[in-house]
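Data from query-v2.txt: compact mmCIF, N, CA and C atoms and all ligand atoms
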# COMPACT_ATOMS: atom_id res chain seq x y z
N MET A 1 0.84 -1.20 0.00
CA MET A 1 0.00 0.00 0.00
C MET A 1 0.87 1.25 0.00
N PRO A 2 0.61 2.17 -0.93
CA PRO A 2 1.41 3.41 -0.93
C PRO A 2 1.18 4.22 0.34
N GLU A 3 2.24 4.82 0.82
CA GLU A 3 2.12 5.76 1.94
C GLU A 3 2.97 6.99 1.66
N GLN A 4 2.61 8.08 2.31
CA GLN A 4 3.31 9.35 2.11
C GLN A 4 4.55 9.37 3.01
N MET A 5 5.72 9.54 2.40
CA MET A 5 6.95 9.54 3.17
C MET A 5 7.82 10.71 2.73
N SER A 6 8.68 11.17 3.63
CA SER A 6 9.50 12.34 3.32
C SER A 6 10.98 11.97 3.30
N GLY A 7 11.74 12.82 2.62
CA GLY A 7 13.17 12.59 2.52
C GLY A 7 13.87 13.83 2.04
N GLY A 8 15.16 13.69 1.75
CA GLY A 8 15.92 14.83 1.26
C GLY A 8 17.40 14.51 1.20
N CYS A 9 18.16 15.54 0.85
CA CYS A 9 19.60 15.36 0.67
C CYS A 9 20.33 15.48 2.01
N ALA A 10 21.63 15.23 1.99
CA ALA A 10 22.42 15.21 3.22
C ALA A 10 22.48 16.57 3.90
N CYS A 11 22.53 17.65 3.12
CA CYS A 11 22.67 18.97 3.74
C CYS A 11 21.32 19.60 4.08
N GLY A 12 20.23 19.00 3.60
CA GLY A 12 18.90 19.48 3.96
C GLY A 12 18.35 20.56 3.05
N ARG A 13 19.11 20.95 2.02
CA ARG A 13 18.64 21.99 1.11
C ARG A 13 17.45 21.52 0.29
N ILE A 14 17.49 20.23 -0.10
CA ILE A 14 16.42 19.68 -0.92
C ILE A 14 15.61 18.69 -0.10
N ARG A 15 14.31 18.91 -0.04
CA ARG A 15 13.40 18.05 0.70
C ARG A 15 12.25 17.64 -0.22
N TYR A 16 11.72 16.44 0.03
CA TYR A 16 10.58 16.00 -0.77
C TYR A 16 9.61 15.19 0.08
N SER A 17 8.42 15.06 -0.44
CA SER A 17 7.41 14.18 0.12
C SER A 17 6.87 13.36 -1.04
N ALA A 18 6.75 12.03 -0.87
CA ALA A 18 6.37 11.17 -1.98
C ALA A 18 5.46 10.06 -1.52
N SER A 19 4.58 9.65 -2.43
CA SER A 19 3.71 8.51 -2.17
C SER A 19 4.42 7.26 -2.70
N VAL A 20 4.83 6.37 -1.81
CA VAL A 20 5.60 5.19 -2.21
C VAL A 20 5.09 3.93 -1.50
N ALA A 21 5.35 2.79 -2.12
CA ALA A 21 5.07 1.50 -1.50
C ALA A 21 6.40 0.94 -1.01
N PRO A 22 6.68 1.01 0.30
CA PRO A 22 8.00 0.64 0.81
C PRO A 22 8.41 -0.81 0.54
N ASP A 23 7.41 -1.69 0.36
CA ASP A 23 7.76 -3.09 0.11
C ASP A 23 7.94 -3.40 -1.37
N GLU A 24 8.02 -2.34 -2.20
CA GLU A 24 8.24 -2.56 -3.63
C GLU A 24 9.46 -1.80 -4.13
N ALA A 25 10.51 -1.79 -3.32
CA ALA A 25 11.77 -1.17 -3.74
C ALA A 25 12.59 -2.17 -4.56
N TYR A 26 13.68 -1.71 -5.12
CA TYR A 26 14.53 -2.63 -5.88
C TYR A 26 15.96 -2.09 -5.93
N LEU A 27 16.86 -2.96 -6.34
CA LEU A 27 18.25 -2.55 -6.54
C LEU A 27 18.54 -2.46 -8.02
N CYS A 28 19.13 -1.33 -8.45
CA CYS A 28 19.59 -1.23 -9.84
C CYS A 28 21.10 -1.40 -9.87
N HIS A 29 21.55 -2.27 -10.75
CA HIS A 29 22.98 -2.59 -10.88
C HIS A 29 23.55 -2.12 -12.21
N CYS A 30 22.79 -1.35 -12.99
CA CYS A 30 23.29 -0.98 -14.31
C CYS A 30 24.50 -0.06 -14.17
N ARG A 31 25.37 -0.06 -15.16
CA ARG A 31 26.61 0.70 -15.08
C ARG A 31 26.35 2.20 -14.97
N MET A 32 25.29 2.68 -15.60
CA MET A 32 25.01 4.12 -15.51
C MET A 32 24.66 4.51 -14.09
N CYS A 33 23.87 3.68 -13.41
CA CYS A 33 23.55 3.97 -12.00
C CYS A 33 24.78 3.81 -11.12
N GLN A 34 25.60 2.81 -11.41
CA GLN A 34 26.84 2.65 -10.63
C GLN A 34 27.70 3.90 -10.74
N ARG A 35 27.87 4.38 -11.97
CA ARG A 35 28.68 5.58 -12.19
C ARG A 35 28.06 6.82 -11.54
N ALA A 36 26.75 6.96 -11.71
CA ALA A 36 26.08 8.18 -11.23
C ALA A 36 26.08 8.27 -9.70
N THR A 37 26.11 7.12 -9.04
CA THR A 37 26.01 7.14 -7.58
C THR A 37 27.33 6.75 -6.90
N GLY A 38 28.26 6.20 -7.67
CA GLY A 38 29.51 5.73 -7.06
C GLY A 38 29.33 4.52 -6.19
N SER A 39 28.25 3.78 -6.42
CA SER A 39 27.93 2.61 -5.59
C SER A 39 27.88 1.35 -6.45
N VAL A 40 28.09 0.19 -5.82
CA VAL A 40 28.01 -1.06 -6.58
C VAL A 40 26.59 -1.33 -7.06
N SER A 41 25.62 -0.81 -6.33
CA SER A 41 24.22 -0.83 -6.78
C SER A 41 23.52 0.30 -6.05
N ILE A 42 22.32 0.63 -6.52
CA ILE A 42 21.59 1.72 -5.88
C ILE A 42 20.16 1.25 -5.60
N ALA A 43 19.71 1.49 -4.39
CA ALA A 43 18.36 1.11 -3.99
C ALA A 43 17.39 2.22 -4.38
N PHE A 44 16.37 1.85 -5.17
CA PHE A 44 15.37 2.80 -5.64
C PHE A 44 13.98 2.35 -5.21
N VAL A 45 13.07 3.31 -5.13
CA VAL A 45 11.65 3.01 -5.03
C VAL A 45 10.93 3.93 -6.00
N ASN A 46 9.94 3.38 -6.67
CA ASN A 46 9.20 4.12 -7.68
C ASN A 46 8.11 4.97 -7.03
N THR A 47 7.89 6.15 -7.61
CA THR A 47 6.81 7.00 -7.11
C THR A 47 6.10 7.65 -8.28
N ARG A 48 4.81 7.89 -8.13
CA ARG A 48 4.08 8.61 -9.16
C ARG A 48 4.43 10.09 -9.07
N LEU A 49 4.60 10.73 -10.21
CA LEU A 49 4.95 12.15 -10.22
C LEU A 49 3.86 12.99 -9.55
N ASP A 50 2.59 12.56 -9.70
CA ASP A 50 1.52 13.37 -9.09
C ASP A 50 1.45 13.17 -7.56
N GLY A 51 2.26 12.24 -7.04
CA GLY A 51 2.31 12.07 -5.59
C GLY A 51 3.62 12.56 -5.00
N LEU A 52 4.42 13.24 -5.83
CA LEU A 52 5.73 13.71 -5.41
C LEU A 52 5.75 15.24 -5.32
N LYS A 53 6.17 15.75 -4.18
CA LYS A 53 6.25 17.20 -4.00
C LYS A 53 7.65 17.56 -3.52
N TRP A 54 8.33 18.40 -4.31
CA TRP A 54 9.65 18.91 -3.90
C TRP A 54 9.43 20.20 -3.12
N ASP A 55 9.93 20.27 -1.90
CA ASP A 55 9.86 21.52 -1.15
C ASP A 55 10.86 22.53 -1.72
N HIS A 56 11.93 22.00 -2.29
CA HIS A 56 12.93 22.80 -2.99
C HIS A 56 13.32 21.98 -4.21
N GLU A 57 13.15 22.54 -5.39
CA GLU A 57 13.44 21.81 -6.63
C GLU A 57 14.89 21.32 -6.63
N PRO A 58 15.13 20.05 -6.93
CA PRO A 58 16.51 19.55 -6.95
C PRO A 58 17.26 20.07 -8.18
N ASP A 59 18.55 19.88 -8.18
CA ASP A 59 19.33 20.10 -9.39
C ASP A 59 19.17 18.83 -10.23
N TRP A 60 19.34 18.96 -11.54
CA TRP A 60 19.14 17.82 -12.44
C TRP A 60 20.39 17.58 -13.27
N TYR A 61 20.82 16.34 -13.31
CA TYR A 61 21.94 15.94 -14.17
C TYR A 61 21.38 15.20 -15.36
N ASP A 62 21.71 15.70 -16.54
CA ASP A 62 21.25 15.12 -17.79
C ASP A 62 22.13 13.90 -18.06
N SER A 63 21.70 12.71 -17.58
CA SER A 63 22.62 11.57 -17.52
C SER A 63 22.67 10.73 -18.79
N SER A 64 21.71 10.88 -19.70
CA SER A 64 21.73 10.15 -20.97
C SER A 64 20.70 10.80 -21.88
N PRO A 65 20.63 10.38 -23.15
CA PRO A 65 19.62 10.97 -24.03
C PRO A 65 18.19 10.71 -23.56
N ILE A 66 17.99 9.72 -22.71
CA ILE A 66 16.63 9.37 -22.31
C ILE A 66 16.30 9.67 -20.86
N ALA A 67 17.30 10.03 -20.06
CA ALA A 67 17.03 10.16 -18.62
C ALA A 67 17.80 11.30 -17.97
N ARG A 68 17.32 11.71 -16.81
CA ARG A 68 18.01 12.70 -16.00
C ARG A 68 17.87 12.32 -14.53
N ARG A 69 18.77 12.88 -13.73
CA ARG A 69 18.84 12.44 -12.32
C ARG A 69 18.83 13.65 -11.39
N PRO A 70 17.92 13.64 -10.40
CA PRO A 70 17.91 14.72 -9.42
C PRO A 70 19.01 14.51 -8.38
N TYR A 71 19.63 15.61 -7.99
CA TYR A 71 20.69 15.54 -6.98
C TYR A 71 20.79 16.90 -6.32
N CYS A 72 21.64 17.02 -5.30
CA CYS A 72 21.91 18.31 -4.68
C CYS A 72 23.31 18.77 -5.05
N ARG A 73 23.40 19.94 -5.65
CA ARG A 73 24.71 20.43 -6.09
C ARG A 73 25.58 20.86 -4.90
N GLU A 74 24.98 21.07 -3.74
CA GLU A 74 25.76 21.49 -2.57
C GLU A 74 26.41 20.30 -1.87
N CYS A 75 25.66 19.22 -1.67
CA CYS A 75 26.20 18.10 -0.89
C CYS A 75 26.43 16.86 -1.74
N GLY A 76 25.90 16.83 -2.97
CA GLY A 76 26.17 15.73 -3.88
C GLY A 76 25.26 14.52 -3.76
N THR A 77 24.28 14.58 -2.88
CA THR A 77 23.38 13.43 -2.70
C THR A 77 22.66 13.07 -4.00
N SER A 78 22.69 11.79 -4.35
CA SER A 78 21.90 11.27 -5.46
C SER A 78 20.47 11.05 -4.98
N LEU A 79 19.52 11.66 -5.66
CA LEU A 79 18.14 11.60 -5.18
C LEU A 79 17.23 10.72 -6.02
N GLY A 80 17.66 10.33 -7.25
CA GLY A 80 16.75 9.51 -8.02
C GLY A 80 17.11 9.37 -9.48
N PHE A 81 16.09 9.00 -10.23
CA PHE A 81 16.21 8.74 -11.66
C PHE A 81 14.86 9.03 -12.30
N ALA A 82 14.88 9.70 -13.46
CA ALA A 82 13.63 9.98 -14.15
C ALA A 82 13.83 9.91 -15.66
N PHE A 83 12.89 9.29 -16.37
CA PHE A 83 12.91 9.39 -17.82
C PHE A 83 12.52 10.81 -18.21
N LYS A 84 13.10 11.31 -19.31
CA LYS A 84 12.80 12.68 -19.72
C LYS A 84 11.38 12.81 -20.20
N GLU A 85 10.88 11.75 -20.87
CA GLU A 85 9.54 11.83 -21.45
C GLU A 85 8.82 10.50 -21.30
N GLY A 86 7.51 10.57 -21.34
CA GLY A 86 6.69 9.37 -21.49
C GLY A 86 6.46 8.56 -20.24
N SER A 87 6.71 9.15 -19.07
CA SER A 87 6.43 8.40 -17.86
C SER A 87 5.75 9.30 -16.83
N ASP A 88 4.79 8.73 -16.11
CA ASP A 88 4.15 9.48 -15.03
C ASP A 88 4.72 9.06 -13.68
N LYS A 89 5.88 8.37 -13.73
CA LYS A 89 6.55 7.92 -12.50
C LYS A 89 8.04 8.24 -12.58
N MET A 90 8.71 8.16 -11.42
CA MET A 90 10.16 8.23 -11.39
C MET A 90 10.65 7.47 -10.16
N ASP A 91 11.96 7.30 -10.06
CA ASP A 91 12.55 6.62 -8.91
C ASP A 91 13.16 7.62 -7.94
N LEU A 92 13.06 7.29 -6.65
CA LEU A 92 13.78 8.03 -5.61
C LEU A 92 14.75 7.06 -4.94
N THR A 93 15.88 7.58 -4.46
CA THR A 93 16.84 6.71 -3.78
C THR A 93 16.32 6.38 -2.38
N VAL A 94 16.30 5.09 -2.08
CA VAL A 94 15.76 4.62 -0.80
C VAL A 94 16.46 5.30 0.39
N ALA A 95 17.78 5.42 0.31
CA ALA A 95 18.52 5.93 1.47
C ALA A 95 18.39 7.43 1.65
N SER A 96 17.75 8.13 0.69
CA SER A 96 17.53 9.56 0.89
C SER A 96 16.24 9.83 1.69
N PHE A 97 15.45 8.78 1.94
CA PHE A 97 14.27 8.96 2.79
C PHE A 97 14.70 9.15 4.25
N ASP A 98 13.89 9.87 5.00
CA ASP A 98 14.23 10.12 6.40
C ASP A 98 14.30 8.82 7.20
N ASP A 99 13.43 7.87 6.87
CA ASP A 99 13.47 6.57 7.54
C ASP A 99 13.41 5.46 6.49
N PRO A 100 14.56 5.00 6.03
CA PRO A 100 14.58 3.96 4.99
C PRO A 100 14.35 2.55 5.54
N SER A 101 14.11 2.41 6.84
CA SER A 101 14.13 1.08 7.45
C SER A 101 12.99 0.16 7.00
N SER A 102 11.89 0.73 6.51
CA SER A 102 10.76 -0.13 6.14
C SER A 102 10.81 -0.60 4.68
N PHE A 103 11.76 -0.10 3.91
CA PHE A 103 11.81 -0.49 2.49
C PHE A 103 12.32 -1.92 2.34
N ARG A 104 11.72 -2.64 1.38
CA ARG A 104 12.13 -4.01 1.09
C ARG A 104 12.35 -4.16 -0.41
N PRO A 105 13.48 -4.80 -0.80
CA PRO A 105 13.73 -5.01 -2.24
C PRO A 105 12.87 -6.13 -2.79
N ARG A 106 12.37 -5.91 -4.01
CA ARG A 106 11.54 -6.93 -4.67
C ARG A 106 12.25 -7.61 -5.84
N HIS A 107 13.22 -6.91 -6.44
CA HIS A 107 13.94 -7.51 -7.57
C HIS A 107 15.24 -6.76 -7.81
N HIS A 108 16.09 -7.36 -8.65
CA HIS A 108 17.30 -6.71 -9.12
C HIS A 108 17.07 -6.25 -10.55
N PHE A 109 17.53 -5.03 -10.86
CA PHE A 109 17.46 -4.57 -12.25
C PHE A 109 18.91 -4.33 -12.73
N GLY A 110 19.10 -4.30 -14.04
CA GLY A 110 20.45 -4.13 -14.58
C GLY A 110 21.32 -5.33 -14.25
N ALA A 111 20.70 -6.51 -14.30
CA ALA A 111 21.37 -7.73 -13.84
C ALA A 111 22.64 -8.06 -14.62
N GLU A 112 22.77 -7.48 -15.84
CA GLU A 112 23.95 -7.77 -16.66
C GLU A 112 25.24 -7.26 -16.01
N SER A 113 25.14 -6.28 -15.10
CA SER A 113 26.36 -5.76 -14.48
C SER A 113 26.35 -5.89 -12.94
N ILE A 114 25.65 -6.90 -12.45
CA ILE A 114 25.69 -7.18 -11.00
C ILE A 114 27.12 -7.56 -10.61
N HIS A 115 27.60 -6.94 -9.54
CA HIS A 115 28.88 -7.35 -8.94
C HIS A 115 28.56 -8.36 -7.85
N ARG A 116 28.64 -9.63 -8.22
CA ARG A 116 28.11 -10.69 -7.35
C ARG A 116 28.79 -10.78 -5.99
N ALA A 117 30.05 -10.34 -5.90
CA ALA A 117 30.74 -10.42 -4.61
C ALA A 117 30.07 -9.55 -3.55
N TRP A 118 29.24 -8.58 -4.00
CA TRP A 118 28.61 -7.65 -3.06
C TRP A 118 27.14 -7.99 -2.80
N LEU A 119 26.63 -9.05 -3.42
CA LEU A 119 25.21 -9.37 -3.26
C LEU A 119 24.90 -9.94 -1.88
N ASN A 120 25.59 -10.98 -1.51
CA ASN A 120 25.33 -11.60 -0.21
C ASN A 120 26.51 -11.35 0.72
N THR A 121 26.38 -10.34 1.55
CA THR A 121 27.47 -9.98 2.46
C THR A 121 27.17 -10.44 3.89
N GLU A 122 26.08 -11.19 4.05
CA GLU A 122 25.73 -11.73 5.36
C GLU A 122 26.88 -12.60 5.85
N GLY A 123 27.26 -12.43 7.10
CA GLY A 123 28.33 -13.26 7.64
C GLY A 123 29.67 -12.54 7.72
N LEU A 124 29.81 -11.40 6.99
CA LEU A 124 31.04 -10.61 7.13
C LEU A 124 31.08 -9.96 8.51
N PRO A 125 32.28 -9.68 9.03
CA PRO A 125 32.35 -8.99 10.32
C PRO A 125 31.56 -7.68 10.27
N GLU A 126 30.85 -7.36 11.33
CA GLU A 126 30.06 -6.13 11.40
C GLU A 126 30.65 -5.21 12.46
N ILE A 127 31.09 -4.04 12.05
CA ILE A 127 31.73 -3.07 12.95
C ILE A 127 30.83 -1.86 13.06
N ARG A 128 30.39 -1.55 14.26
CA ARG A 128 29.56 -0.36 14.47
C ARG A 128 30.43 0.89 14.42
N SER A 129 29.88 2.00 13.90
CA SER A 129 30.65 3.25 13.77
C SER A 129 31.24 3.66 15.12
N GLY A 130 30.46 3.50 16.18
CA GLY A 130 30.89 3.91 17.51
C GLY A 130 31.99 3.03 18.09
N ASP A 131 32.23 1.88 17.46
CA ASP A 131 33.31 1.01 17.91
C ASP A 131 34.63 1.35 17.25
N TYR A 132 34.61 2.28 16.29
CA TYR A 132 35.83 2.69 15.61
C TYR A 132 36.35 3.95 16.32
N GLN A 133 37.29 3.75 17.24
CA GLN A 133 37.69 4.81 18.16
C GLN A 133 38.25 6.03 17.45
N LYS A 134 39.02 5.82 16.35
CA LYS A 134 39.58 6.96 15.60
C LYS A 134 38.46 7.90 15.13
N LEU A 135 37.38 7.31 14.65
CA LEU A 135 36.24 8.10 14.17
C LEU A 135 35.57 8.85 15.33
N VAL A 136 35.34 8.13 16.41
CA VAL A 136 34.72 8.75 17.58
C VAL A 136 35.58 9.91 18.08
N ASP A 137 36.91 9.67 18.16
CA ASP A 137 37.84 10.71 18.64
C ASP A 137 37.78 11.96 17.76
N LYS A 138 37.76 11.76 16.44
CA LYS A 138 37.71 12.91 15.52
C LYS A 138 36.44 13.74 15.75
N TRP A 139 35.32 13.04 15.92
CA TRP A 139 34.06 13.75 16.17
C TRP A 139 34.12 14.53 17.48
N VAL A 140 34.60 13.86 18.51
CA VAL A 140 34.63 14.50 19.83
C VAL A 140 35.59 15.67 19.83
N GLU A 141 36.78 15.51 19.21
CA GLU A 141 37.75 16.62 19.14
C GLU A 141 37.16 17.81 18.40
N THR A 142 36.42 17.54 17.33
CA THR A 142 35.94 18.61 16.47
C THR A 142 34.63 19.25 16.94
N THR A 143 33.73 18.42 17.45
CA THR A 143 32.39 18.97 17.78
C THR A 143 32.02 18.78 19.25
N GLY A 144 32.78 17.96 19.97
CA GLY A 144 32.45 17.73 21.37
C GLY A 144 31.57 16.52 21.61
N ALA A 145 31.06 15.92 20.52
CA ALA A 145 30.19 14.77 20.69
C ALA A 145 30.23 13.86 19.45
N PHE A 146 29.93 12.60 19.64
CA PHE A 146 29.82 11.66 18.54
C PHE A 146 28.35 11.53 18.15
N PRO A 147 28.02 11.73 16.86
CA PRO A 147 26.60 11.76 16.47
C PRO A 147 25.93 10.39 16.42
N GLY A 148 26.73 9.31 16.45
CA GLY A 148 26.13 7.98 16.28
C GLY A 148 25.57 7.42 17.48
ZN ZN B 1 22.22 18.95 -0.18
Please express the file's structure as C-alpha cells.
Ligand SMILES: [Zn+2]
Amino acid sequence: MPEQMSGGCACGRIRYSASVAPDEAYLCHCRMCQRATGSVSIAFVNTRLDGLKWDHEPDWYDSSPIARRPYCRECGTSLGFAFKEGSDKMDLTVASFDDPSSFRPRHHFGAESIHRAWLNTEGLPEIRSGDYQKLVDKWVETTGAFPG
C-alpha cells in the first residue's frame, strides 16, 4: 500500500514528500547507475509524479539521451532517476528517505552488471561506527560529541 513519506539530501537543502510502497523497492545494478552514484548498486523506489512534491526543486543531471537524475549540487546526494519523457513515474533513492528502514527489495534490475561479490554480504564482520575509536575521537575533538 502506498504511503506518504519524506526525505531529502544530506545537507537538507532539498526536501521531498512522496507517495511510495516501501515493500516494492529494488536494486539497480546498471553501469550508468553505478557511475552516477559511485555505488556497486543503488536502492530505488518508484513514485508517481503526481504524488511527489519537492519543497525545494533539486538540481538535475542530464545523464543520458533518455534520462536525468535529481541531486543536490551542494552536498552531492543522489536523489533519483527519471525518464525525460513518457512516464508518469520516477525513482527516488531509498537511502535519501528520512526513515529507509521499512523499504524491502523486490527484484534486481540491470542484472547484466551485477557485482556478485557484493550481493550476499551476510556473515562478514560487522563493525559499528561507535566502535571505531579513531572516528569517535575525531568527532569528539571537532564537535564535542559523537553523532552515532
Ligand atoms: Zn544537499
Exercise. Got a sec to check which residues lie within 6.5 Å of ligand ZN 1 (chain B), using only N, CA and C atoms and all ligand atoms, and send them as a PyMOL selection string?
Worked result: chain A and resi 9-14+72-77
Problem set entry | Best match for closeness to A:Ala111 among A:Ser19, A:Ser41, A:Ser6, A:Thr143, counting only C-alpha atoms | A:Ser41
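Nearest-residue note for A:Phe109: choosing from A:Leu27, A:Ala67, A:Ala18, A:Met5, the minimum distance belongs to A:Leu27, counting all atoms listed in the file.
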For this session: Between atom CA of A:Thr47 and atom CA of A:Arg35, measure the distance and give it in Å to one decimal.
Result: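 Computing it gives 22.5 Å between the two atoms.
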For this session: Can you list, as a list in words, all residues belonging to stretch 3-131 of chain A that DSSP tags as helix (DSSP H, G or I)?
Result: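 Here are the helix (DSSP H, G or I) residues of stretch 3-131 of chain A: Arg31, Met32, Cys33, Gln34, Arg35, Ala36, Thr37, Val94, Ala95, Ser96, Pro100, Ser101, Ser102, Ala111, Glu112, Ser113, Arg116, Ala117, Trp118, Ser129, Gly130 and Asp131 of chain A.
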Exercise. When you draw a straight line from atom C of A:Gly38 to atom CA of A:Lys138, how long is it in Å?
Worked result: 24.7 Å
Problem set entry | All residues 10 Å or closer to A:Met32, only C-alpha atoms, same chain fewer than 5 positions away omitted, as a PyMOL selection string | chain A and resi 37-38+63-64+110
Exercise. Got a sec to tell me which of stretch 6-147 of chain A DSSP assigns to strand (DSSP E or B), as a PyMOL selection string?
Worked result: chain A and resi 6-8+15-28+42-54+59-61+67-71+78+80-83+89-93+97+105-109
For those residues, write N, CA and C atoms to a file as a short mmCIF file (atom, residue, chain, number, x, y, z; two decimals), keeping the file's coordinate frame.
data_model
loop_
_atom_site.label_atom_id
_atom_site.label_comp_id
_atom_site.auth_asym_id
_atom_site.auth_seq_id
_atom_site.Cartn_x
_atom_site.Cartn_y
_atom_site.Cartn_z
N SER A 6 8.68 11.17 3.63
CA SER A 6 9.50 12.34 3.32
C SER A 6 10.98 11.97 3.30
N GLY A 7 11.74 12.82 2.62
CA GLY A 7 13.17 12.59 2.52
C GLY A 7 13.87 13.83 2.04
N GLY A 8 15.16 13.69 1.75
CA GLY A 8 15.92 14.83 1.26
C GLY A 8 17.40 14.51 1.20
N ARG A 15 14.31 18.91 -0.04
CA ARG A 15 13.40 18.05 0.70
C ARG A 15 12.25 17.64 -0.22
N TYR A 16 11.72 16.44 0.03
CA TYR A 16 10.58 16.00 -0.77
C TYR A 16 9.61 15.19 0.08
N SER A 17 8.42 15.06 -0.44
CA SER A 17 7.41 14.18 0.12
C SER A 17 6.87 13.36 -1.04
N ALA A 18 6.75 12.03 -0.87
CA ALA A 18 6.37 11.17 -1.98
C ALA A 18 5.46 10.06 -1.52
N SER A 19 4.58 9.65 -2.43
CA SER A 19 3.71 8.51 -2.17
C SER A 19 4.42 7.26 -2.70
N VAL A 20 4.83 6.37 -1.81
CA VAL A 20 5.60 5.19 -2.21
C VAL A 20 5.09 3.93 -1.50
N ALA A 21 5.35 2.79 -2.12
CA ALA A 21 5.07 1.50 -1.50
C ALA A 21 6.40 0.94 -1.01
N PRO A 22 6.68 1.01 0.30
CA PRO A 22 8.00 0.64 0.81
C PRO A 22 8.41 -0.81 0.54
N ASP A 23 7.41 -1.69 0.36
CA ASP A 23 7.76 -3.09 0.11
C ASP A 23 7.94 -3.40 -1.37
N GLU A 24 8.02 -2.34 -2.20
CA GLU A 24 8.24 -2.56 -3.63
C GLU A 24 9.46 -1.80 -4.13
N ALA A 25 10.51 -1.79 -3.32
CA ALA A 25 11.77 -1.17 -3.74
C ALA A 25 12.59 -2.17 -4.56
N TYR A 26 13.68 -1.71 -5.12
CA TYR A 26 14.53 -2.63 -5.88
C TYR A 26 15.96 -2.09 -5.93
N LEU A 27 16.86 -2.96 -6.34
CA LEU A 27 18.25 -2.55 -6.54
C LEU A 27 18.54 -2.46 -8.02
N CYS A 28 19.13 -1.33 -8.45
CA CYS A 28 19.59 -1.23 -9.84
C CYS A 28 21.10 -1.40 -9.87
N ILE A 42 22.32 0.63 -6.52
CA ILE A 42 21.59 1.72 -5.88
C ILE A 42 20.16 1.25 -5.60
N ALA A 43 19.71 1.49 -4.39
CA ALA A 43 18.36 1.11 -3.99
C ALA A 43 17.39 2.22 -4.38
N PHE A 44 16.37 1.85 -5.17
CA PHE A 44 15.37 2.80 -5.64
C PHE A 44 13.98 2.35 -5.21
N VAL A 45 13.07 3.31 -5.13
CA VAL A 45 11.65 3.01 -5.03
C VAL A 45 10.93 3.93 -6.00
N ASN A 46 9.94 3.38 -6.67
CA ASN A 46 9.20 4.12 -7.68
C ASN A 46 8.11 4.97 -7.03
N THR A 47 7.89 6.15 -7.61
CA THR A 47 6.81 7.00 -7.11
C THR A 47 6.10 7.65 -8.28
N ARG A 48 4.81 7.89 -8.13
CA ARG A 48 4.08 8.61 -9.16
C ARG A 48 4.43 10.09 -9.07
N LEU A 49 4.60 10.73 -10.21
CA LEU A 49 4.95 12.15 -10.22
C LEU A 49 3.86 12.99 -9.55
N ASP A 50 2.59 12.56 -9.70
CA ASP A 50 1.52 13.37 -9.09
C ASP A 50 1.45 13.17 -7.56
N GLY A 51 2.26 12.24 -7.04
CA GLY A 51 2.31 12.07 -5.59
C GLY A 51 3.62 12.56 -5.00
N LEU A 52 4.42 13.24 -5.83
CA LEU A 52 5.73 13.71 -5.41
C LEU A 52 5.75 15.24 -5.32
N LYS A 53 6.17 15.75 -4.18
CA LYS A 53 6.25 17.20 -4.00
C LYS A 53 7.65 17.56 -3.52
N TRP A 54 8.33 18.40 -4.31
CA TRP A 54 9.65 18.91 -3.90
C TRP A 54 9.43 20.20 -3.12
N ASP A 59 18.55 19.88 -8.18
CA ASP A 59 19.33 20.10 -9.39
C ASP A 59 19.17 18.83 -10.23
N TRP A 60 19.34 18.96 -11.54
CA TRP A 60 19.14 17.82 -12.44
C TRP A 60 20.39 17.58 -13.27
N TYR A 61 20.82 16.34 -13.31
CA TYR A 61 21.94 15.94 -14.17
C TYR A 61 21.38 15.20 -15.36
N ALA A 67 17.30 10.03 -20.06
CA ALA A 67 17.03 10.16 -18.62
C ALA A 67 17.80 11.30 -17.97
N ARG A 68 17.32 11.71 -16.81
CA ARG A 68 18.01 12.70 -16.00
C ARG A 68 17.87 12.32 -14.53
N ARG A 69 18.77 12.88 -13.73
CA ARG A 69 18.84 12.44 -12.32
C ARG A 69 18.83 13.65 -11.39
N PRO A 70 17.92 13.64 -10.40
CA PRO A 70 17.91 14.72 -9.42
C PRO A 70 19.01 14.51 -8.38
N TYR A 71 19.63 15.61 -7.99
CA TYR A 71 20.69 15.54 -6.98
C TYR A 71 20.79 16.90 -6.32
N SER A 78 22.69 11.79 -4.35
CA SER A 78 21.90 11.27 -5.46
C SER A 78 20.47 11.05 -4.98
N GLY A 80 17.66 10.33 -7.25
CA GLY A 80 16.75 9.51 -8.02
C GLY A 80 17.11 9.37 -9.48
N PHE A 81 16.09 9.00 -10.23
CA PHE A 81 16.21 8.74 -11.66
C PHE A 81 14.86 9.03 -12.30
N ALA A 82 14.88 9.70 -13.46
CA ALA A 82 13.63 9.98 -14.15
C ALA A 82 13.83 9.91 -15.66
N PHE A 83 12.89 9.29 -16.37
CA PHE A 83 12.91 9.39 -17.82
C PHE A 83 12.52 10.81 -18.21
N LYS A 89 5.88 8.37 -13.73
CA LYS A 89 6.55 7.92 -12.50
C LYS A 89 8.04 8.24 -12.58
N MET A 90 8.71 8.16 -11.42
CA MET A 90 10.16 8.23 -11.39
C MET A 90 10.65 7.47 -10.16
N ASP A 91 11.96 7.30 -10.06
CA ASP A 91 12.55 6.62 -8.91
C ASP A 91 13.16 7.62 -7.94
N LEU A 92 13.06 7.29 -6.65
CA LEU A 92 13.78 8.03 -5.61
C LEU A 92 14.75 7.06 -4.94
N THR A 93 15.88 7.58 -4.46
CA THR A 93 16.84 6.71 -3.78
C THR A 93 16.32 6.38 -2.38
N PHE A 97 15.45 8.78 1.94
CA PHE A 97 14.27 8.96 2.79
C PHE A 97 14.70 9.15 4.25
N PRO A 105 13.48 -4.80 -0.80
CA PRO A 105 13.73 -5.01 -2.24
C PRO A 105 12.87 -6.13 -2.79
N ARG A 106 12.37 -5.91 -4.01
CA ARG A 106 11.54 -6.93 -4.67
C ARG A 106 12.25 -7.61 -5.84
N HIS A 107 13.22 -6.91 -6.44
CA HIS A 107 13.94 -7.51 -7.57
C HIS A 107 15.24 -6.76 -7.81
N HIS A 108 16.09 -7.36 -8.65
CA HIS A 108 17.30 -6.71 -9.12
C HIS A 108 17.07 -6.25 -10.55
N PHE A 109 17.53 -5.03 -10.86
CA PHE A 109 17.46 -4.57 -12.25
C PHE A 109 18.91 -4.33 -12.73
#
Problem set entry | Surrounding residues of A:His115 excluding itself and chain neighbours under 3 positions, 7 Å, all atoms listed in the file, as a ChimeraX atom specification | /A:29,40,112,118-119
Exercise. Restricting the calculation to only C-alpha atoms, which member of A:Arg69, A:His56, A:Arg104, A:Arg128 is positioned closest to A:Gly7?
Worked result: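 Once distances to A:Gly7 are computed over only C-alpha atoms, the minimum belongs to A:His56.
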